[in-house]
Amino acid sequence: MMIQLALDRMNMEEALELVRTVESSIDWIEVGTSLIKEFGIGSIKEMSESFPDKKIVADMKTIDNAAYEMDLCFQNGADIATVMGVASDVTIQTCLEKAREYKGKIMIDLLNVSDSRLEQLQKYDQAIFCEHVSKDSQENGGHTLIDMRNHAGSMRAAAGGITLSSLPAMIANRLDVMIIGSAITKAKHPADAARRFKEAMNMEKDVKQV
Ligand SMILES: O=C([C@H](O)CO)[C@H](O)[C@H](O)COP(=O)(O)O
């Protein structure tokens with residue numbers, strides 16, 4: 001099981017410093033949607049050049065204009081880019097073709113994806129599937145329970161308000177990628193928090209490589 005550190009709602013200096021602090025405890029670095037929106041596509045390039053040995057996930061949340069946005073991500077150092085599962089099939093298909101062209105991967109974000117849409121997404125079995133509880137639901141609805149559904153994705157990920165207390169339940173879901181943001185980035189001691197997540201996950205042995 002891998003830890004993907006989600007970097008959101010901070011500036012680039014803070015993001016880079018944070019990764020330096022927790023680098024030994026995390027596996028993948030997510031350049032969060034808020035970083036990309038605030039600092040541009042250069043945020044992906046800066047992160048990938050600063051941490052060439054880590055996989056870089058660009059959380060673009062693409063919903064249209066797939067070829068253009070995937071070119072931007074992969075040409076700027078992303079290994080993995082996200083597309084919304086609620087996007088049209090042509091958008092998701094284009095993302096997958098672009099990922100193949102750049103030897104990257106696509107993560108399909110299942111935010112607001114109904115069970116029937118999830119059924120239609122099963123054909124994209126080369127993608128990583130990510131169950132996601134939105135920040136707005138976390139903050140306004142008090143909803144943090146991530147419902148892991150069955151799907152055919154090449155890897156299974158989950159995101160949205162995961163904490164050390166909710167970790168055991170998430171580990172039981174046998175995920176491949178655990179996406180953790182605030183529980184590390186907003187912790188008083190991010191290095192300690194990241195280490196505690198890593199130690200808990202080290203009990204899971206079968207780490208799949210992308
Ligand atoms: O995708 C995310 C969210 O939509 C904000 O852009 C975050 O990566 C995800 O929520 C993980 O962050 P935490 O919820 O803070 O753990």
# chains A, B, ... in the order shown; residues from 1 in each chain; ligands from 1
>>> residues_near_ligand(ligand="ligand 1", cutoff="7 Å", atoms="only C-alpha atoms and all ligand atoms", output="list in words")
Ala6, Leu7, Asp8, Gly32, Thr33, Ser34, Asp59, Val133, Ser134, Lys135, Ala159, Gly160, Gly161, Ile162, Ile179, Ile180, Gly181, Ser182 and Ala183 of chain A
>>> write_last_selection(atoms="C-alpha atoms", output="JSON list (two decimals), in the first residue's frame")
[["chain", "number", "residue", "atom", "x", "y", "z"],
["A", 6, "ALA", "CA", -2.01, 15.50, -1.35],
["A", 7, "LEU", "CA", -0.67, 19.05, -1.33],
["A", 8, "ASP", "CA", -3.44, 21.65, -1.23],
["A", 32, "GLY", "CA", -3.27, 19.23, -5.60],
["A", 33, "THR", "CA", -5.97, 20.88, -7.68],
["A", 34, "SER", "CA", -5.68, 24.04, -5.59],
["A", 59, "ASP", "CA", -4.75, 16.33, -9.66],
["A", 133, "VAL", "CA", -15.29, 12.19, -0.44],
["A", 134, "SER", "CA", -15.17, 15.86, -1.42],
["A", 135, "LYS", "CA", -13.70, 18.60, 0.72],
["A", 159, "ALA", "CA", -9.19, 10.09, -0.80],
["A", 160, "GLY", "CA", -11.00, 12.53, 1.39],
["A", 161, "GLY", "CA", -10.45, 13.23, 5.05],
["A", 162, "ILE", "CA", -8.47, 10.08, 5.89],
["A", 179, "ILE", "CA", -4.39, 9.55, -0.51],
["A", 180, "ILE", "CA", -3.74, 11.69, 2.54],
["A", 181, "GLY", "CA", -3.77, 15.47, 2.66],
["A", 182, "SER", "CA", -4.67, 17.53, 5.71],
["A", 183, "ALA", "CA", -3.98, 14.80, 8.26]]
>>> residues_around(residues="Lys55 (chain A)", least_positions_apart="3", cutoff="9 Å", atoms="only C-alpha atoms", output="list in words")
Asp27, Trp28, Ile29, Glu30, Ser48, Phe51, Pro52, Ala78, Asp79 and Ile80 of chain A
>>> atom_distance(atom1="CA of Gly77 (chain A)", atom2="CA of Lys45 (chain A)")
5.4 Å
>>> atom_distance(atom1="CA of Arg174 (chain A)", atom2="CA of Met84 (chain A)")
22.6 Å
>>> select_by_dssp(residues="region 21-156 of chain A", states="strand (DSSP E or B)", output="PDB file with C-alpha atoms, in the first residue's frame")
ATOM      1  CA  TRP A  28       3.669   9.517  -4.421  1.00  0.00           C
ATOM      2  CA  ILE A  29       3.342  13.302  -4.443  1.00  0.00           C
ATOM      3  CA  GLU A  30       0.024  14.799  -5.499  1.00  0.00           C
ATOM      4  CA  VAL A  31       0.202  18.333  -6.834  1.00  0.00           C
ATOM      5  CA  LYS A  55       5.893   9.601  -8.788  1.00  0.00           C
ATOM      6  CA  ILE A  56       4.056  12.855  -9.408  1.00  0.00           C
ATOM      7  CA  VAL A  57       0.270  12.868  -9.546  1.00  0.00           C
ATOM      8  CA  ALA A  58      -1.280  15.947 -11.169  1.00  0.00           C
ATOM      9  CA  ASP A  59      -4.748  16.333  -9.657  1.00  0.00           C
ATOM     10  CA  MET A  60      -6.156  18.121 -12.706  1.00  0.00           C
ATOM     11  CA  LYS A  61      -9.677  16.736 -12.223  1.00  0.00           C
ATOM     12  CA  THR A  62     -10.083  17.009 -15.996  1.00  0.00           C
ATOM     13  CA  ILE A  80      -0.229  10.207 -13.318  1.00  0.00           C
ATOM     14  CA  ALA A  81      -3.079  12.649 -14.033  1.00  0.00           C
ATOM     15  CA  THR A  82      -6.648  12.652 -12.770  1.00  0.00           C
ATOM     16  CA  VAL A  83      -9.872  12.767 -14.765  1.00  0.00           C
ATOM     17  CA  MET A  84     -13.376  12.872 -13.351  1.00  0.00           C
ATOM     18  CA  LYS A 105      -1.225   6.566 -15.959  1.00  0.00           C
ATOM     19  CA  ILE A 106      -4.704   7.927 -15.437  1.00  0.00           C
ATOM     20  CA  MET A 107      -6.512   8.049 -12.132  1.00  0.00           C
ATOM     21  CA  ILE A 108     -10.294   8.193 -12.456  1.00  0.00           C
ATOM     22  CA  ASP A 109     -11.820  10.237  -9.631  1.00  0.00           C
ATOM     23  CA  ILE A 128      -6.432   3.666 -11.210  1.00  0.00           C
ATOM     24  CA  PHE A 129      -9.897   4.089  -9.648  1.00  0.00           C
ATOM     25  CA  CYS A 130     -10.178   6.510  -6.745  1.00  0.00           C
ATOM     26  CA  GLU A 131     -13.147   6.704  -4.380  1.00  0.00           C
ATOM     27  CA  HIS A 132     -13.374  10.265  -3.095  1.00  0.00           C
ATOM     28  CA  MET A 155      -5.242  -0.114  -8.734  1.00  0.00           C
ATOM     29  CA  ARG A 156      -7.622   1.048  -6.001  1.00  0.00           C
TER      30      ARG A 156
END
>>> atom_distance(atom1="CA of Ala194 (chain A)", atom2="CA of Ile44 (chain A)")
21.6 Å
>>> closest_residue(among="A:Ala191, A:Gly40, A:Met70, A:Met2", to="Thr21 (chain A)", atoms="only C-alpha atoms")
A:Ala191
>>> select_by_dssp(residues="region 15-154 of chain A", states="helix (DSSP H, G or I)", output="number ranges by chain")
A: 15-25, 33-39, 42-50, 66-75, 89-101, 115-121, 135-141
>>> residues_around(residues="Pro190 (chain A)", least_positions_apart="5", cutoff="7 Å", atoms="only C-alpha atoms", output="number ranges by chain")
A: 22, 184-185
>>> closest_residue(among="A:Ala15, A:Asn76, A:Ala66, A:Lys186", to="Gly42 (chain A)", atoms="only C-alpha atoms")
A:Asn76
>>> closest_residue(among="A:Gln122, A:Thr91, A:Asn112, A:Asn150", to="Ser137 (chain A)", atoms="only C-alpha atoms")
A:Asn112
>>> closest_residue(among="A:Ala200, A:Leu5, A:Ala193, A:Ala152", to="Leu167 (chain A)", atoms="only C-alpha atoms")
A:Ala200
>>> residues_around(residues="Ser166 (chain A)", least_positions_apart="3", cutoff="10 Å", atoms="only C-alpha atoms", output="ChimeraX atom specification")
/A:144-146,161-163,169-171
>>> write_last_selection(atoms="C-alpha atoms", output="PDB file, in the first residue's frame")
ATOM      1  CA  THR A 144     -16.032  11.363   5.887  1.00  0.00           C
ATOM      2  CA  LEU A 145     -16.980   7.764   5.277  1.00  0.00           C
ATOM      3  CA  ILE A 146     -15.379   6.538   2.061  1.00  0.00           C
ATOM      4  CA  GLY A 161     -10.454  13.233   5.050  1.00  0.00           C
ATOM      5  CA  ILE A 162      -8.467  10.084   5.890  1.00  0.00           C
ATOM      6  CA  THR A 163      -7.011  10.340   9.400  1.00  0.00           C
ATOM      7  CA  ALA A 169     -10.932   0.788   8.334  1.00  0.00           C
ATOM      8  CA  MET A 170      -9.265   1.988   5.143  1.00  0.00           C
ATOM      9  CA  ILE A 171      -6.450  -0.567   5.483  1.00  0.00           C
TER      10      ILE A 171
END
>>> decode(residues="region 126-153 of chain A", atoms="N, CA and C atoms", output="PDB file, in the first residue's frame")
ATOM      1  N   GLN A 126      -7.349  -0.148 -17.265  1.00  0.00           N
ATOM      2  CA  GLN A 126      -5.933   0.228 -17.139  1.00  0.00           C
ATOM      3  C   GLN A 126      -5.768   1.387 -16.158  1.00  0.00           C
ATOM      4  N   ALA A 127      -6.887   2.020 -15.809  1.00  0.00           N
ATOM      5  CA  ALA A 127      -6.812   3.212 -14.948  1.00  0.00           C
ATOM      6  C   ALA A 127      -6.781   2.832 -13.471  1.00  0.00           C
ATOM      7  N   ILE A 128      -6.317   3.785 -12.667  1.00  0.00           N
ATOM      8  CA  ILE A 128      -6.432   3.666 -11.210  1.00  0.00           C
ATOM      9  C   ILE A 128      -7.801   4.260 -10.860  1.00  0.00           C
ATOM     10  N   PHE A 129      -8.575   3.580 -10.038  1.00  0.00           N
ATOM     11  CA  PHE A 129      -9.897   4.089  -9.648  1.00  0.00           C
ATOM     12  C   PHE A 129      -9.801   4.649  -8.225  1.00  0.00           C
ATOM     13  N   CYS A 130     -10.294   5.863  -8.054  1.00  0.00           N
ATOM     14  CA  CYS A 130     -10.178   6.510  -6.745  1.00  0.00           C
ATOM     15  C   CYS A 130     -11.541   6.924  -6.176  1.00  0.00           C
ATOM     16  N   GLU A 131     -11.937   6.267  -5.097  1.00  0.00           N
ATOM     17  CA  GLU A 131     -13.147   6.704  -4.380  1.00  0.00           C
ATOM     18  C   GLU A 131     -12.790   7.982  -3.621  1.00  0.00           C
ATOM     19  N   HIS A 132     -13.723   8.932  -3.592  1.00  0.00           N
ATOM     20  CA  HIS A 132     -13.374  10.265  -3.095  1.00  0.00           C
ATOM     21  C   HIS A 132     -14.553  10.923  -2.372  1.00  0.00           C
ATOM     22  N   VAL A 133     -14.317  11.348  -1.152  1.00  0.00           N
ATOM     23  CA  VAL A 133     -15.290  12.194  -0.437  1.00  0.00           C
ATOM     24  C   VAL A 133     -14.791  13.632  -0.560  1.00  0.00           C
ATOM     25  N   SER A 134     -15.631  14.501  -1.100  1.00  0.00           N
ATOM     26  CA  SER A 134     -15.173  15.862  -1.420  1.00  0.00           C
ATOM     27  C   SER A 134     -14.860  16.677  -0.173  1.00  0.00           C
ATOM     28  N   LYS A 135     -14.046  17.679  -0.370  1.00  0.00           N
ATOM     29  CA  LYS A 135     -13.698  18.599   0.721  1.00  0.00           C
ATOM     30  C   LYS A 135     -14.975  19.284   1.224  1.00  0.00           C
ATOM     31  N   ASP A 136     -15.865  19.647   0.302  1.00  0.00           N
ATOM     32  CA  ASP A 136     -17.096  20.326   0.716  1.00  0.00           C
ATOM     33  C   ASP A 136     -17.984  19.415   1.567  1.00  0.00           C
ATOM     34  N   SER A 137     -18.060  18.137   1.198  1.00  0.00           N
ATOM     35  CA  SER A 137     -18.840  17.209   2.031  1.00  0.00           C
ATOM     36  C   SER A 137     -18.194  17.069   3.393  1.00  0.00           C
ATOM     37  N   GLN A 138     -16.865  16.990   3.401  1.00  0.00           N
ATOM     38  CA  GLN A 138     -16.160  16.859   4.685  1.00  0.00           C
ATOM     39  C   GLN A 138     -16.447  18.067   5.572  1.00  0.00           C
ATOM     40  N   GLU A 139     -16.376  19.264   4.961  1.00  0.00           N
ATOM     41  CA  GLU A 139     -16.455  20.485   5.761  1.00  0.00           C
ATOM     42  C   GLU A 139     -17.883  20.880   6.106  1.00  0.00           C
ATOM     43  N   ASN A 140     -18.810  20.590   5.208  1.00  0.00           N
ATOM     44  CA  ASN A 140     -20.185  21.060   5.430  1.00  0.00           C
ATOM     45  C   ASN A 140     -21.163  19.960   5.801  1.00  0.00           C
ATOM     46  N   GLY A 141     -20.861  18.753   5.362  1.00  0.00           N
ATOM     47  CA  GLY A 141     -21.819  17.687   5.634  1.00  0.00           C
ATOM     48  C   GLY A 141     -21.368  16.773   6.754  1.00  0.00           C
ATOM     49  N   GLY A 142     -20.125  16.983   7.213  1.00  0.00           N
ATOM     50  CA  GLY A 142     -19.578  16.116   8.251  1.00  0.00           C
ATOM     51  C   GLY A 142     -19.437  14.682   7.766  1.00  0.00           C
ATOM     52  N   HIS A 143     -19.371  14.528   6.421  1.00  0.00           N
ATOM     53  CA  HIS A 143     -19.359  13.181   5.844  1.00  0.00           C
ATOM     54  C   HIS A 143     -17.929  12.786   5.494  1.00  0.00           C
ATOM     55  N   THR A 144     -17.413  11.759   6.184  1.00  0.00           N
ATOM     56  CA  THR A 144     -16.032  11.363   5.887  1.00  0.00           C
ATOM     57  C   THR A 144     -15.911   9.880   5.572  1.00  0.00           C
ATOM     58  N   LEU A 145     -17.040   9.201   5.519  1.00  0.00           N
ATOM     59  CA  LEU A 145     -16.980   7.764   5.277  1.00  0.00           C
ATOM     60  C   LEU A 145     -16.764   7.494   3.789  1.00  0.00           C
ATOM     61  N   ILE A 146     -15.662   6.833   3.470  1.00  0.00           N
ATOM     62  CA  ILE A 146     -15.379   6.538   2.061  1.00  0.00           C
ATOM     63  C   ILE A 146     -15.938   5.158   1.746  1.00  0.00           C
ATOM     64  N   ASP A 147     -16.867   5.138   0.804  1.00  0.00           N
ATOM     65  CA  ASP A 147     -17.538   3.890   0.436  1.00  0.00           C
ATOM     66  C   ASP A 147     -16.727   3.224  -0.688  1.00  0.00           C
ATOM     67  N   MET A 148     -16.029   2.134  -0.354  1.00  0.00           N
ATOM     68  CA  MET A 148     -15.215   1.457  -1.369  1.00  0.00           C
ATOM     69  C   MET A 148     -16.087   0.459  -2.126  1.00  0.00           C
ATOM     70  N   ARG A 149     -16.312   0.735  -3.401  1.00  0.00           N
ATOM     71  CA  ARG A 149     -17.121  -0.168  -4.222  1.00  0.00           C
ATOM     72  C   ARG A 149     -16.208  -1.071  -5.042  1.00  0.00           C
ATOM     73  N   ASN A 150     -16.778  -2.116  -5.581  1.00  0.00           N
ATOM     74  CA  ASN A 150     -15.981  -3.012  -6.418  1.00  0.00           C
ATOM     75  C   ASN A 150     -15.837  -2.421  -7.809  1.00  0.00           C
ATOM     76  N   HIS A 151     -14.646  -2.511  -8.342  1.00  0.00           N
ATOM     77  CA  HIS A 151     -14.445  -2.060  -9.726  1.00  0.00           C
ATOM     78  C   HIS A 151     -13.214  -2.728 -10.300  1.00  0.00           C
ATOM     79  N   ALA A 152     -13.041  -2.503 -11.598  1.00  0.00           N
ATOM     80  CA  ALA A 152     -12.021  -3.253 -12.318  1.00  0.00           C
ATOM     81  C   ALA A 152     -10.713  -2.482 -12.490  1.00  0.00           C
ATOM     82  N   GLY A 153     -10.565  -1.364 -11.799  1.00  0.00           N
ATOM     83  CA  GLY A 153      -9.358  -0.559 -11.984  1.00  0.00           C
ATOM     84  C   GLY A 153      -8.082  -1.344 -11.721  1.00  0.00           C
TER      85      GLY A 153
END
